[in-house]
>>> print(open('final_13.txt').read())   # compact mmCIF, C-alpha atoms
# COMPACT_ATOMS: atom_id res chain seq x y z
CA MET A 284 -14.59 -73.13 -10.72
CA ASN A 285 -17.40 -74.21 -13.06
CA GLY A 286 -20.24 -72.34 -14.66
CA ASN A 287 -22.45 -72.96 -11.67
CA ASP A 288 -20.05 -71.30 -9.27
CA LYS A 289 -20.89 -67.78 -8.12
CA VAL A 290 -18.23 -65.22 -7.47
CA THR A 291 -18.98 -62.47 -5.00
CA ALA A 292 -17.17 -59.15 -4.64
CA ASP A 293 -15.96 -60.20 -1.21
CA GLU A 294 -14.48 -63.51 -2.30
CA GLY A 295 -10.81 -63.88 -1.46
CA LEU A 296 -10.81 -60.86 0.90
CA GLU A 297 -10.30 -61.12 4.62
CA GLU A 298 -12.51 -59.12 6.93
CA ARG A 299 -10.39 -56.61 8.79
CA VAL A 300 -11.37 -55.07 12.07
CA VAL A 301 -9.49 -51.98 13.22
CA THR A 302 -8.90 -52.34 16.90
CA PRO A 303 -7.96 -49.40 19.20
CA GLU A 304 -4.44 -50.82 19.36
CA MET A 305 -4.11 -50.80 15.56
CA ALA A 306 -5.45 -47.24 15.32
CA LEU A 307 -2.82 -46.03 17.77
CA ILE A 308 -0.07 -47.54 15.65
CA SER A 309 -0.82 -45.06 12.80
CA PHE A 310 -0.46 -41.90 14.92
CA PRO A 311 3.37 -41.74 15.05
CA GLU A 312 3.54 -41.77 11.25
CA ARG A 313 0.97 -38.97 10.89
CA GLY A 314 2.61 -37.02 13.66
CA ALA A 315 5.95 -37.21 11.87
CA SER A 316 4.32 -35.87 8.71
CA ILE A 317 2.78 -32.95 10.59
CA GLU A 318 6.08 -32.18 12.28
CA LYS A 319 7.76 -32.12 8.88
CA ASP A 320 5.12 -29.74 7.49
CA LEU A 321 5.46 -27.45 10.50
CA ALA A 322 9.23 -27.44 10.14
CA GLU A 323 8.88 -26.41 6.49
CA LEU A 324 6.46 -23.63 7.44
CA GLU A 325 8.87 -22.38 10.08
CA LYS A 326 11.67 -22.29 7.50
CA ASN A 327 9.44 -20.30 5.16
CA VAL A 328 8.61 -17.77 7.88
CA GLU A 329 12.30 -17.38 8.68
CA PHE A 330 13.13 -16.98 4.99
CA PHE A 331 10.55 -14.28 4.31
CA ASN A 332 11.51 -12.38 7.46
CA LYS A 333 15.07 -12.29 6.14
CA VAL A 334 13.79 -11.12 2.75
CA LYS A 335 11.88 -8.30 4.43
CA ILE A 336 14.94 -7.07 6.31
CA ILE A 337 17.10 -7.25 3.17
CA ALA A 338 14.48 -5.31 1.21
CA LEU A 339 14.24 -2.68 3.95
CA LYS A 340 18.02 -2.28 3.97
CA MET A 341 17.74 -1.27 0.32
CA THR A 342 15.68 1.75 1.36
CA LYS A 343 16.75 4.92 3.12
CA ALA A 344 15.08 7.04 5.77
CA GLN A 345 14.27 9.51 2.97
CA ASP A 346 12.09 6.83 1.33
CA TRP A 347 9.77 6.69 4.33
CA VAL A 348 7.26 9.00 5.99
CA ASP A 349 6.10 8.78 9.59
CA MET A 350 2.30 8.89 9.36
CA GLY A 351 1.78 7.19 12.73
CA ASN A 352 2.86 4.01 10.96
CA PRO A 353 5.81 3.84 8.55
CA TYR A 354 4.73 4.60 4.98
CA LEU A 355 7.00 3.67 2.07
CA MET A 356 6.90 6.21 -0.74
CA ASP A 357 6.65 5.09 -4.34
CA ARG A 358 10.29 5.83 -5.11
CA GLY A 359 11.50 3.45 -2.40
CA ALA A 360 9.10 0.69 -3.49
CA GLN A 361 10.25 1.00 -7.09
CA ASN A 362 13.92 0.75 -6.12
CA VAL A 363 13.29 -2.44 -4.16
CA ALA A 364 11.20 -3.84 -7.01
CA ILE A 365 14.10 -3.37 -9.43
CA ALA A 366 16.50 -5.11 -7.05
CA PHE A 367 14.20 -8.14 -6.72
CA GLY A 368 13.41 -8.31 -10.44
CA VAL A 369 9.68 -7.67 -10.10
CA ASP A 370 7.67 -7.91 -13.33
CA ILE A 371 4.15 -6.46 -13.40
CA THR A 372 1.42 -7.46 -15.81
CA GLN A 373 -1.75 -5.42 -15.76
CA GLU A 374 -5.15 -5.67 -17.43
CA ALA A 375 -6.87 -2.65 -18.93
CA PRO A 376 -8.95 -0.78 -16.32
CA ARG A 377 -12.68 -1.44 -16.49
CA MET A 378 -15.42 0.96 -15.41
CA GLU A 379 -18.12 -0.06 -12.96
CA TRP A 380 -21.01 1.91 -11.52
CA ALA A 381 -22.23 2.11 -7.95
CA GLU A 382 -24.80 4.14 -6.06
CA ASP A 383 -25.10 5.51 -2.55
CA ALA A 384 -27.08 8.19 -0.70
CA ASN A 385 -25.30 10.87 -2.72
CA GLY A 386 -26.25 9.33 -6.05
CA ARG A 387 -24.64 7.33 -8.81
CA TYR A 388 -20.89 7.34 -9.35
CA TYR A 389 -18.29 5.41 -11.31
CA MET A 390 -15.10 3.65 -10.38
CA PHE A 391 -12.26 2.07 -12.32
CA ILE A 392 -10.91 -1.34 -11.36
CA THR A 393 -7.76 -2.87 -12.76
CA SER A 394 -6.29 -6.25 -11.93
CA GLY A 395 -2.78 -7.51 -12.36
CA ARG A 396 -0.05 -9.89 -11.34
CA ALA A 397 3.45 -9.43 -9.95
CA HIS A 398 6.29 -11.90 -10.34
CA ALA A 399 9.37 -11.48 -8.16
CA LYS A 400 11.97 -13.44 -10.11
CA ARG A 401 14.51 -13.62 -7.29
CA LEU A 402 11.90 -14.93 -4.85
CA GLY A 403 9.91 -17.12 -7.21
CA ARG A 404 6.71 -15.52 -5.91
CA PHE A 405 3.53 -14.58 -7.75
CA ILE A 406 0.88 -12.23 -6.39
CA GLU A 407 -2.44 -11.14 -7.88
CA ASP A 408 -4.38 -8.08 -6.75
CA ILE A 409 -6.65 -5.26 -7.88
CA GLY A 410 -6.35 -1.48 -7.87
CA VAL A 411 -9.42 0.70 -7.46
CA CYS A 412 -10.17 4.40 -7.71
CA SER A 413 -13.55 6.08 -7.87
CA GLN A 414 -15.01 9.36 -8.97
CA ARG A 415 -15.30 10.16 -5.24
CA ASP A 416 -11.52 10.18 -4.66
CA LYS A 417 -10.82 12.94 -2.13
CA PHE A 418 -7.94 14.49 -4.08
CA PHE A 419 -9.76 15.18 -7.33
CA GLY A 420 -13.38 14.18 -6.67
CA MET A 421 -14.08 16.81 -4.02
CA SER A 422 -13.86 20.57 -3.77
CA GLY A 423 -14.55 22.68 -0.68
CA GLY A 424 -15.59 19.56 1.20
CA LYS A 425 -18.28 18.77 -1.37
CA LEU A 426 -18.43 16.14 -4.07
CA LYS A 427 -17.84 17.40 -7.59
CA GLU A 428 -20.37 16.80 -10.32
CA ILE A 429 -19.46 13.91 -12.60
CA GLN A 430 -18.60 16.21 -15.51
CA ASP A 431 -16.14 18.13 -13.32
CA VAL A 432 -14.01 15.10 -12.43
CA ASP A 433 -11.13 14.30 -14.77
CA MET A 434 -11.70 10.66 -15.66
CA ALA A 435 -8.09 10.23 -16.81
CA ASN A 436 -6.90 10.96 -13.25
CA VAL A 437 -9.23 8.27 -11.87
CA ILE A 438 -7.89 5.72 -14.36
CA ARG A 439 -4.27 6.60 -13.63
CA LYS A 440 -4.73 6.37 -9.89
CA ALA A 441 -6.40 2.95 -10.13
CA SER A 442 -3.34 1.73 -12.06
CA THR A 443 -0.92 3.37 -9.60
CA ASN A 444 -2.75 1.82 -6.65
CA LEU A 445 -2.49 -1.61 -8.28
CA TYR A 446 1.23 -1.24 -9.00
CA ASN A 447 2.08 -0.17 -5.46
CA ARG A 448 0.00 -2.93 -3.87
CA LEU A 449 1.56 -5.60 -6.07
CA VAL A 450 5.14 -4.48 -5.44
CA LYS A 451 4.75 -4.27 -1.68
CA ARG A 452 2.87 -7.55 -1.37
CA VAL A 453 5.10 -9.66 -3.59
CA ILE A 454 8.22 -8.54 -1.74
CA GLY A 455 6.62 -8.67 1.70
CA LEU A 456 6.60 -4.98 2.62
CA SER A 457 2.94 -4.72 3.59
CA GLY A 458 2.41 -3.91 7.26
CA VAL A 459 6.00 -2.89 7.99
CA THR A 460 6.47 -2.01 11.68
CA TRP A 461 8.86 0.34 13.46
CA GLU A 462 10.63 -2.75 14.79
CA ASP A 463 11.17 -3.92 11.22
CA LEU A 464 12.72 -0.57 10.27
CA ALA A 465 14.90 -0.57 13.37
CA ALA A 466 16.16 -4.06 12.47
CA ALA A 467 17.14 -2.64 9.08
CA GLY A 468 19.02 0.25 10.70
CA ILE A 469 16.42 2.94 9.95
CA LYS A 470 15.53 5.14 12.92
CA ARG A 471 12.05 6.58 13.29
CA GLU A 472 13.36 10.00 14.29
CA ALA A 473 15.15 10.25 10.94
CA LEU A 474 11.87 10.08 9.02
CA ALA A 475 9.84 13.03 7.81
CA LYS A 476 6.69 13.23 9.89
CA VAL A 477 3.09 14.14 9.17
CA GLU A 478 1.07 14.75 12.32
CA TYR A 479 -2.52 13.49 12.43
CA ARG A 480 -5.33 14.68 14.65
CA SER A 481 -6.89 12.01 16.85
CA GLY A 482 -10.56 11.40 16.24
CA SER A 483 -10.58 13.15 12.89
CA GLN A 484 -12.75 11.40 10.34
CA GLY A 485 -10.47 10.35 7.54
CA GLY A 486 -7.40 11.68 9.36
CA GLY A 487 -5.54 14.77 8.24
CA PRO A 488 -2.54 16.65 9.57
CA ALA A 489 -2.74 18.58 12.82
CA LYS A 490 -3.94 22.11 12.22
CA GLN A 491 -4.35 25.39 14.05
CA SER A 492 -7.61 26.45 12.42
CA ALA A 493 -10.47 24.68 10.67
CA LEU A 494 -9.95 23.46 7.13
CA SER A 495 -12.46 21.72 4.93
CA PRO A 496 -11.85 17.97 4.63
CA ASP A 497 -10.81 18.52 1.02
CA HIS A 498 -8.21 21.10 2.00
CA GLU A 499 -6.89 19.00 4.87
CA ALA A 500 -6.16 16.29 2.32
CA ARG A 501 -4.66 18.82 -0.07
CA ARG A 502 -2.42 20.24 2.65
CA THR A 503 -1.12 16.75 3.45
CA LYS A 504 -0.54 16.17 -0.26
CA CYS A 505 1.47 19.43 -0.45
CA TRP A 506 3.86 18.14 2.19
CA LYS A 507 4.25 14.76 0.50
CA LEU A 508 5.08 16.49 -2.79
CA LEU A 509 7.57 18.79 -1.06
CA LEU A 510 9.25 15.72 0.44
CA GLU A 511 9.41 14.11 -2.97
CA LEU A 512 10.91 17.28 -4.46
CA SER A 513 13.47 17.26 -1.64
CA GLY A 514 14.44 13.61 -1.98
CA GLY A 515 12.78 12.82 1.36
CA ASP A 516 14.86 15.40 3.26
CA ALA A 517 12.44 16.99 5.76
CA LYS A 518 14.70 20.01 6.38
CA GLU A 519 14.95 20.81 2.70
CA ALA A 520 11.19 20.33 2.35
CA SER A 521 10.65 22.85 5.18
CA THR A 522 12.97 25.31 3.41
CA ARG A 523 10.96 24.92 0.21
CA LEU A 524 7.73 25.41 2.16
CA ASP A 525 9.11 28.60 3.70
CA LYS A 526 9.82 30.03 0.24
CA LEU A 527 6.40 29.09 -1.10
CA ALA A 528 4.13 29.82 1.85
CA SER A 529 5.77 32.67 3.82
CA PHE A 530 4.80 36.27 3.26
CA GLY A 531 5.81 39.51 4.94
CA ASP A 532 6.98 38.73 8.45
CA LYS A 533 5.06 35.48 8.50
CA LYS A 534 7.49 32.55 8.44
CA VAL A 535 6.14 29.11 7.61
CA THR A 536 8.33 26.05 8.11
CA LYS A 537 5.65 23.56 9.15
CA ILE A 538 2.79 22.50 6.92
CA GLU A 539 0.44 22.75 9.94
CA ASP A 540 1.00 26.53 9.87
CA VAL A 541 -0.93 26.81 6.59
CA THR A 542 -4.30 27.35 8.22
CA SER A 543 -6.89 28.43 5.67
CA ASP A 544 -8.46 26.86 2.60
CA ARG A 545 -7.40 29.75 0.36
CA TRP A 546 -3.83 29.62 1.66
CA VAL A 547 -3.67 25.87 1.04
CA ASP A 548 -4.84 26.40 -2.54
CA THR A 549 -2.16 29.04 -3.10
CA VAL A 550 0.65 26.86 -1.75
CA TYR A 551 -0.65 23.84 -3.62
CA GLY A 552 -0.59 25.75 -6.90
CA LYS A 553 3.05 26.77 -6.32
CA VAL A 554 4.05 23.23 -5.35
CA LYS A 555 2.46 21.88 -8.54
CA LYS A 556 4.52 24.32 -10.63
CA GLU A 557 7.71 23.12 -8.94
CA CYS A 558 6.70 19.53 -9.58
CA ALA A 559 6.06 20.30 -13.25
CA ALA A 560 9.51 21.86 -13.54
CA ALA A 561 11.00 18.74 -11.93
CA LYS A 562 8.90 16.52 -14.23
CA ILE A 563 7.01 15.01 -11.31
CA GLU A 564 3.49 14.05 -12.30
CA VAL A 565 0.79 15.28 -9.93
CA GLU A 566 -2.65 13.72 -10.01
CA ASP A 567 -5.19 16.46 -9.43
>>> encode(input="final_13.txt", output="structure tokens")
Amino acid sequence: MNGNDKVTADEGLEERVVTPEMALISFPERGASIEKDLAELEKNVEFFNKVKIIALKMTKAQDWVDMGNPYLMDRGAQNVAIAFGVDITQEAPRMEWAEDANGRYYMFITSGRAHAKRLGRFIEDIGVCSQRDKFFGMSGGKLKEIQDVDMANVIRKASTNLYNRLVKRVIGLSGVTWEDLAAAGIKREALAKVEYRSGSQGGGPAKQSALSPDHEARRTKCWKLLLELSGGDAKEASTRLDKLASFGDKKVTKIEDVTSDRWVDTVYGKVKKECAAAKIEVED
């Protein structure tokens, strides 16, 4: 090559035409790769299904409540988290403002991360609670004024919501079915049960007379607290309810029998005192 020679980008390269026959040759190789990926995915599904069953076997019937779907109480989730070596890191809650037809209100949002050491899994999520929370943001079915809502309760609940979501998600206990519990040897009939009315906005336990939405929620909360005080034993919870709610010849062994707003408030106050004595924190 001399100085007068020109070199083009294509020099020395052969023109290649991909024929239909050549294209077909590449499919078996790609197909094998896809099959390998699918096989790995199938192994992962099988692995995490086993993890779920093992985690469920670490719980007891007393750790669950039948609310139409199985609901794992905090105590059960915490026990499983300890067994799987779950570490939680959480950012400080931040306040944000929103507005709707009822006016301006605040909410607290906290984000965090869970690491399940035994599974090698990481999960990120957020926990949210607003001034409009039904347990301490409403009274008599009406929204409380902003100055009447305890902000500390809103902050604590946002953090609690985050913790529970992270633990359940990182272990794989979100969306547990009755079939899952049965596979772990936990029978539905052994669970404490909270009855819900069909068609009720926001749910609520079955009742014999009208309660305000706020008091329906409070009545359900009473039963959950009684279950917690009783270690998940529904019979013991009913005995406690009888002592707290019965009067005269009126015997009360079912939470549905507490049928007025004032009666709910009375029972709730007594339940809170028992929780305080047992050092169980109640968000109100």
>>> residues_around(input="final_13.txt", residues="A:Asp497", least_positions_apart="5", cutoff="8 Å", atoms="all atoms listed in the file", output="PyMOL selection string")
chain A and resi 417-418+421-425
>>> closest_residue(input="final_13.txt", among="A:Glu325, A:Glu382, A:Asp433, A:Lys451", to="A:Val369", atoms="only C-alpha atoms")
A:Lys451
>>> atom_distance(input="final_13.txt", atom1="atom CA of A:Ala435", atom2="atom CA of A:Ala375")
13.1 Å
>>> atom_distance(input="final_13.txt", atom1="atom CA of A:Thr542", atom2="atom CA of A:Arg502")
9.2 Å
>>> closest_residue(input="final_13.txt", among="A:Glu379, A:Glu329, A:Glu374, A:Asp548", to="A:Lys504", atoms="all atoms listed in the file")
A:Asp548
>>> residues_around(input="final_13.txt", residues="A:Ser394", least_positions_apart="3", cutoff="8 Å", atoms="only C-alpha atoms", output="ChimeraX atom specification")
/A:373-376,407-410,445
>>> write_last_selection(input="final_13.txt", atoms="C-alpha atoms", output="mmCIF file, in the frame of the given file")
data_model
loop_
_atom_site.group_PDB
_atom_site.id
_atom_site.type_symbol
_atom_site.label_atom_id
_atom_site.label_comp_id
_atom_site.auth_asym_id
_atom_site.auth_seq_id
_atom_site.Cartn_x
_atom_site.Cartn_y
_atom_site.Cartn_z
ATOM 1 C CA GLN A 373 -1.750 -5.420 -15.760
ATOM 2 C CA GLU A 374 -5.150 -5.670 -17.430
ATOM 3 C CA ALA A 375 -6.870 -2.650 -18.930
ATOM 4 C CA PRO A 376 -8.950 -0.780 -16.320
ATOM 5 C CA GLU A 407 -2.440 -11.140 -7.880
ATOM 6 C CA ASP A 408 -4.380 -8.080 -6.750
ATOM 7 C CA ILE A 409 -6.650 -5.260 -7.880
ATOM 8 C CA GLY A 410 -6.350 -1.480 -7.870
ATOM 9 C CA LEU A 445 -2.490 -1.610 -8.280
#
>>> atom_distance(input="final_13.txt", atom1="atom CA of A:Leu509", atom2="atom CA of A:Gly359")
15.9 Å
>>> closest_residue(input="final_13.txt", among="A:Val437, A:Met356, A:Ala364, A:Ile429", to="A:Met390", atoms="all atoms listed in the file")
A:Val437
>>> axis_aligned_box(input="final_13.txt", around="stretch 331-346 of chain A", padding_each_side="3 Å", output="JSON")
{"center_x": 14.3, "center_y": -2.4, "center_z": 3.9, "size_x": 13.5, "size_y": 29.8, "size_z": 13.1}
>>> closest_residue(input="final_13.txt", among="A:Ala465, A:Ile438, A:Val541, A:Ile454", to="A:Arg377", atoms="only C-alpha atoms")
A:Ile438
>>> decode(input="final_13.txt", residues="stretch 328-361 of chain A", atoms="N, CA and C atoms", output="PDB file, in the first residue's frame")
ATOM      1  N   VAL A 328     -39.596 -20.377  42.554  1.00  0.00           N
ATOM      2  CA  VAL A 328     -40.978 -20.470  43.027  1.00  0.00           C
ATOM      3  C   VAL A 328     -41.110 -21.596  44.049  1.00  0.00           C
ATOM      4  N   GLU A 329     -40.524 -22.738  43.727  1.00  0.00           N
ATOM      5  CA  GLU A 329     -40.570 -23.889  44.631  1.00  0.00           C
ATOM      6  C   GLU A 329     -39.885 -23.563  45.960  1.00  0.00           C
ATOM      7  N   PHE A 330     -38.755 -22.863  45.880  1.00  0.00           N
ATOM      8  CA  PHE A 330     -38.011 -22.499  47.087  1.00  0.00           C
ATOM      9  C   PHE A 330     -38.832 -21.586  47.987  1.00  0.00           C
ATOM     10  N   PHE A 331     -39.413 -20.537  47.414  1.00  0.00           N
ATOM     11  CA  PHE A 331     -40.144 -19.575  48.234  1.00  0.00           C
ATOM     12  C   PHE A 331     -41.467 -20.144  48.748  1.00  0.00           C
ATOM     13  N   ASN A 332     -42.051 -21.088  48.036  1.00  0.00           N
ATOM     14  CA  ASN A 332     -43.228 -21.777  48.577  1.00  0.00           C
ATOM     15  C   ASN A 332     -42.854 -22.597  49.808  1.00  0.00           C
ATOM     16  N   LYS A 333     -41.672 -23.225  49.761  1.00  0.00           N
ATOM     17  CA  LYS A 333     -41.199 -23.978  50.925  1.00  0.00           C
ATOM     18  C   LYS A 333     -40.924 -23.039  52.095  1.00  0.00           C
ATOM     19  N   VAL A 334     -40.336 -21.883  51.782  1.00  0.00           N
ATOM     20  CA  VAL A 334     -40.054 -20.897  52.832  1.00  0.00           C
ATOM     21  C   VAL A 334     -41.342 -20.458  53.500  1.00  0.00           C
ATOM     22  N   LYS A 335     -42.386 -20.218  52.698  1.00  0.00           N
ATOM     23  CA  LYS A 335     -43.659 -19.787  53.249  1.00  0.00           C
ATOM     24  C   LYS A 335     -44.222 -20.826  54.216  1.00  0.00           C
ATOM     25  N   ILE A 336     -44.199 -22.081  53.819  1.00  0.00           N
ATOM     26  CA  ILE A 336     -44.740 -23.143  54.675  1.00  0.00           C
ATOM     27  C   ILE A 336     -43.930 -23.260  55.967  1.00  0.00           C
ATOM     28  N   ILE A 337     -42.598 -23.176  55.848  1.00  0.00           N
ATOM     29  CA  ILE A 337     -41.752 -23.247  57.042  1.00  0.00           C
ATOM     30  C   ILE A 337     -42.066 -22.078  57.974  1.00  0.00           C
ATOM     31  N   ALA A 338     -42.210 -20.887  57.409  1.00  0.00           N
ATOM     32  CA  ALA A 338     -42.524 -19.708  58.222  1.00  0.00           C
ATOM     33  C   ALA A 338     -43.876 -19.866  58.906  1.00  0.00           C
ATOM     34  N   LEU A 339     -44.861 -20.397  58.178  1.00  0.00           N
ATOM     35  CA  LEU A 339     -46.196 -20.583  58.759  1.00  0.00           C
ATOM     36  C   LEU A 339     -46.176 -21.618  59.876  1.00  0.00           C
ATOM     37  N   LYS A 340     -45.316 -22.623  59.743  1.00  0.00           N
ATOM     38  CA  LYS A 340     -45.217 -23.644  60.786  1.00  0.00           C
ATOM     39  C   LYS A 340     -44.615 -23.082  62.079  1.00  0.00           C
ATOM     40  N   MET A 341     -43.987 -21.929  61.978  1.00  0.00           N
ATOM     41  CA  MET A 341     -43.449 -21.268  63.169  1.00  0.00           C
ATOM     42  C   MET A 341     -44.517 -20.475  63.915  1.00  0.00           C
ATOM     43  N   THR A 342     -45.698 -20.367  63.318  1.00  0.00           N
ATOM     44  CA  THR A 342     -46.802 -19.664  63.977  1.00  0.00           C
ATOM     45  C   THR A 342     -47.788 -20.677  64.542  1.00  0.00           C
ATOM     46  N   LYS A 343     -48.657 -20.178  65.395  1.00  0.00           N
ATOM     47  CA  LYS A 343     -49.708 -20.998  65.982  1.00  0.00           C
ATOM     48  C   LYS A 343     -51.067 -20.421  65.599  1.00  0.00           C
ATOM     49  N   ALA A 344     -52.101 -21.209  65.820  1.00  0.00           N
ATOM     50  CA  ALA A 344     -53.453 -20.726  65.516  1.00  0.00           C
ATOM     51  C   ALA A 344     -53.746 -19.441  66.291  1.00  0.00           C
ATOM     52  N   GLN A 345     -53.160 -19.327  67.498  1.00  0.00           N
ATOM     53  CA  GLN A 345     -53.394 -18.146  68.331  1.00  0.00           C
ATOM     54  C   GLN A 345     -52.791 -16.878  67.736  1.00  0.00           C
ATOM     55  N   ASP A 346     -51.882 -17.043  66.757  1.00  0.00           N
ATOM     56  CA  ASP A 346     -51.252 -15.882  66.126  1.00  0.00           C
ATOM     57  C   ASP A 346     -52.081 -15.325  64.973  1.00  0.00           C
ATOM     58  N   TRP A 347     -53.185 -16.006  64.663  1.00  0.00           N
ATOM     59  CA  TRP A 347     -53.988 -15.623  63.505  1.00  0.00           C
ATOM     60  C   TRP A 347     -55.410 -15.258  63.918  1.00  0.00           C
ATOM     61  N   VAL A 348     -56.046 -14.435  63.088  1.00  0.00           N
ATOM     62  CA  VAL A 348     -57.455 -14.090  63.269  1.00  0.00           C
ATOM     63  C   VAL A 348     -58.164 -14.316  61.943  1.00  0.00           C
ATOM     64  N   ASP A 349     -59.340 -14.917  62.022  1.00  0.00           N
ATOM     65  CA  ASP A 349     -60.170 -15.131  60.832  1.00  0.00           C
ATOM     66  C   ASP A 349     -60.999 -13.877  60.604  1.00  0.00           C
ATOM     67  N   MET A 350     -60.595 -13.081  59.623  1.00  0.00           N
ATOM     68  CA  MET A 350     -61.333 -11.860  59.274  1.00  0.00           C
ATOM     69  C   MET A 350     -61.881 -11.994  57.849  1.00  0.00           C
ATOM     70  N   GLY A 351     -62.321 -13.227  57.522  1.00  0.00           N
ATOM     71  CA  GLY A 351     -62.713 -13.534  56.151  1.00  0.00           C
ATOM     72  C   GLY A 351     -61.511 -14.121  55.436  1.00  0.00           C
ATOM     73  N   ASN A 352     -60.382 -13.454  55.548  1.00  0.00           N
ATOM     74  CA  ASN A 352     -59.087 -13.963  55.125  1.00  0.00           C
ATOM     75  C   ASN A 352     -58.208 -14.102  56.367  1.00  0.00           C
ATOM     76  N   PRO A 353     -57.212 -14.979  56.344  1.00  0.00           N
ATOM     77  CA  PRO A 353     -56.350 -15.107  57.525  1.00  0.00           C
ATOM     78  C   PRO A 353     -55.523 -13.850  57.733  1.00  0.00           C
ATOM     79  N   TYR A 354     -55.502 -13.363  58.969  1.00  0.00           N
ATOM     80  CA  TYR A 354     -54.747 -12.154  59.308  1.00  0.00           C
ATOM     81  C   TYR A 354     -53.737 -12.506  60.392  1.00  0.00           C
ATOM     82  N   LEU A 355     -52.460 -12.294  60.106  1.00  0.00           N
ATOM     83  CA  LEU A 355     -51.396 -12.593  61.061  1.00  0.00           C
ATOM     84  C   LEU A 355     -51.199 -11.412  61.990  1.00  0.00           C
ATOM     85  N   MET A 356     -51.331 -11.636  63.283  1.00  0.00           N
ATOM     86  CA  MET A 356     -51.141 -10.577  64.257  1.00  0.00           C
ATOM     87  C   MET A 356     -49.661 -10.261  64.410  1.00  0.00           C
ATOM     88  N   ASP A 357     -49.396  -9.086  64.962  1.00  0.00           N
ATOM     89  CA  ASP A 357     -48.022  -8.590  65.042  1.00  0.00           C
ATOM     90  C   ASP A 357     -47.104  -9.558  65.776  1.00  0.00           C
ATOM     91  N   ARG A 358     -47.607 -10.150  66.846  1.00  0.00           N
ATOM     92  CA  ARG A 358     -46.777 -11.055  67.643  1.00  0.00           C
ATOM     93  C   ARG A 358     -46.245 -12.209  66.795  1.00  0.00           C
ATOM     94  N   GLY A 359     -47.111 -12.791  65.978  1.00  0.00           N
ATOM     95  CA  GLY A 359     -46.698 -13.899  65.122  1.00  0.00           C
ATOM     96  C   GLY A 359     -45.678 -13.460  64.087  1.00  0.00           C
ATOM     97  N   ALA A 360     -45.892 -12.281  63.495  1.00  0.00           N
ATOM     98  CA  ALA A 360     -44.954 -11.772  62.488  1.00  0.00           C
ATOM     99  C   ALA A 360     -43.588 -11.521  63.106  1.00  0.00           C
ATOM    100  N   GLN A 361     -43.568 -10.998  64.315  1.00  0.00           N
ATOM    101  CA  GLN A 361     -42.298 -10.709  64.978  1.00  0.00           C
ATOM    102  C   GLN A 361     -41.536 -11.994  65.300  1.00  0.00           C
TER     103      GLN A 361
END
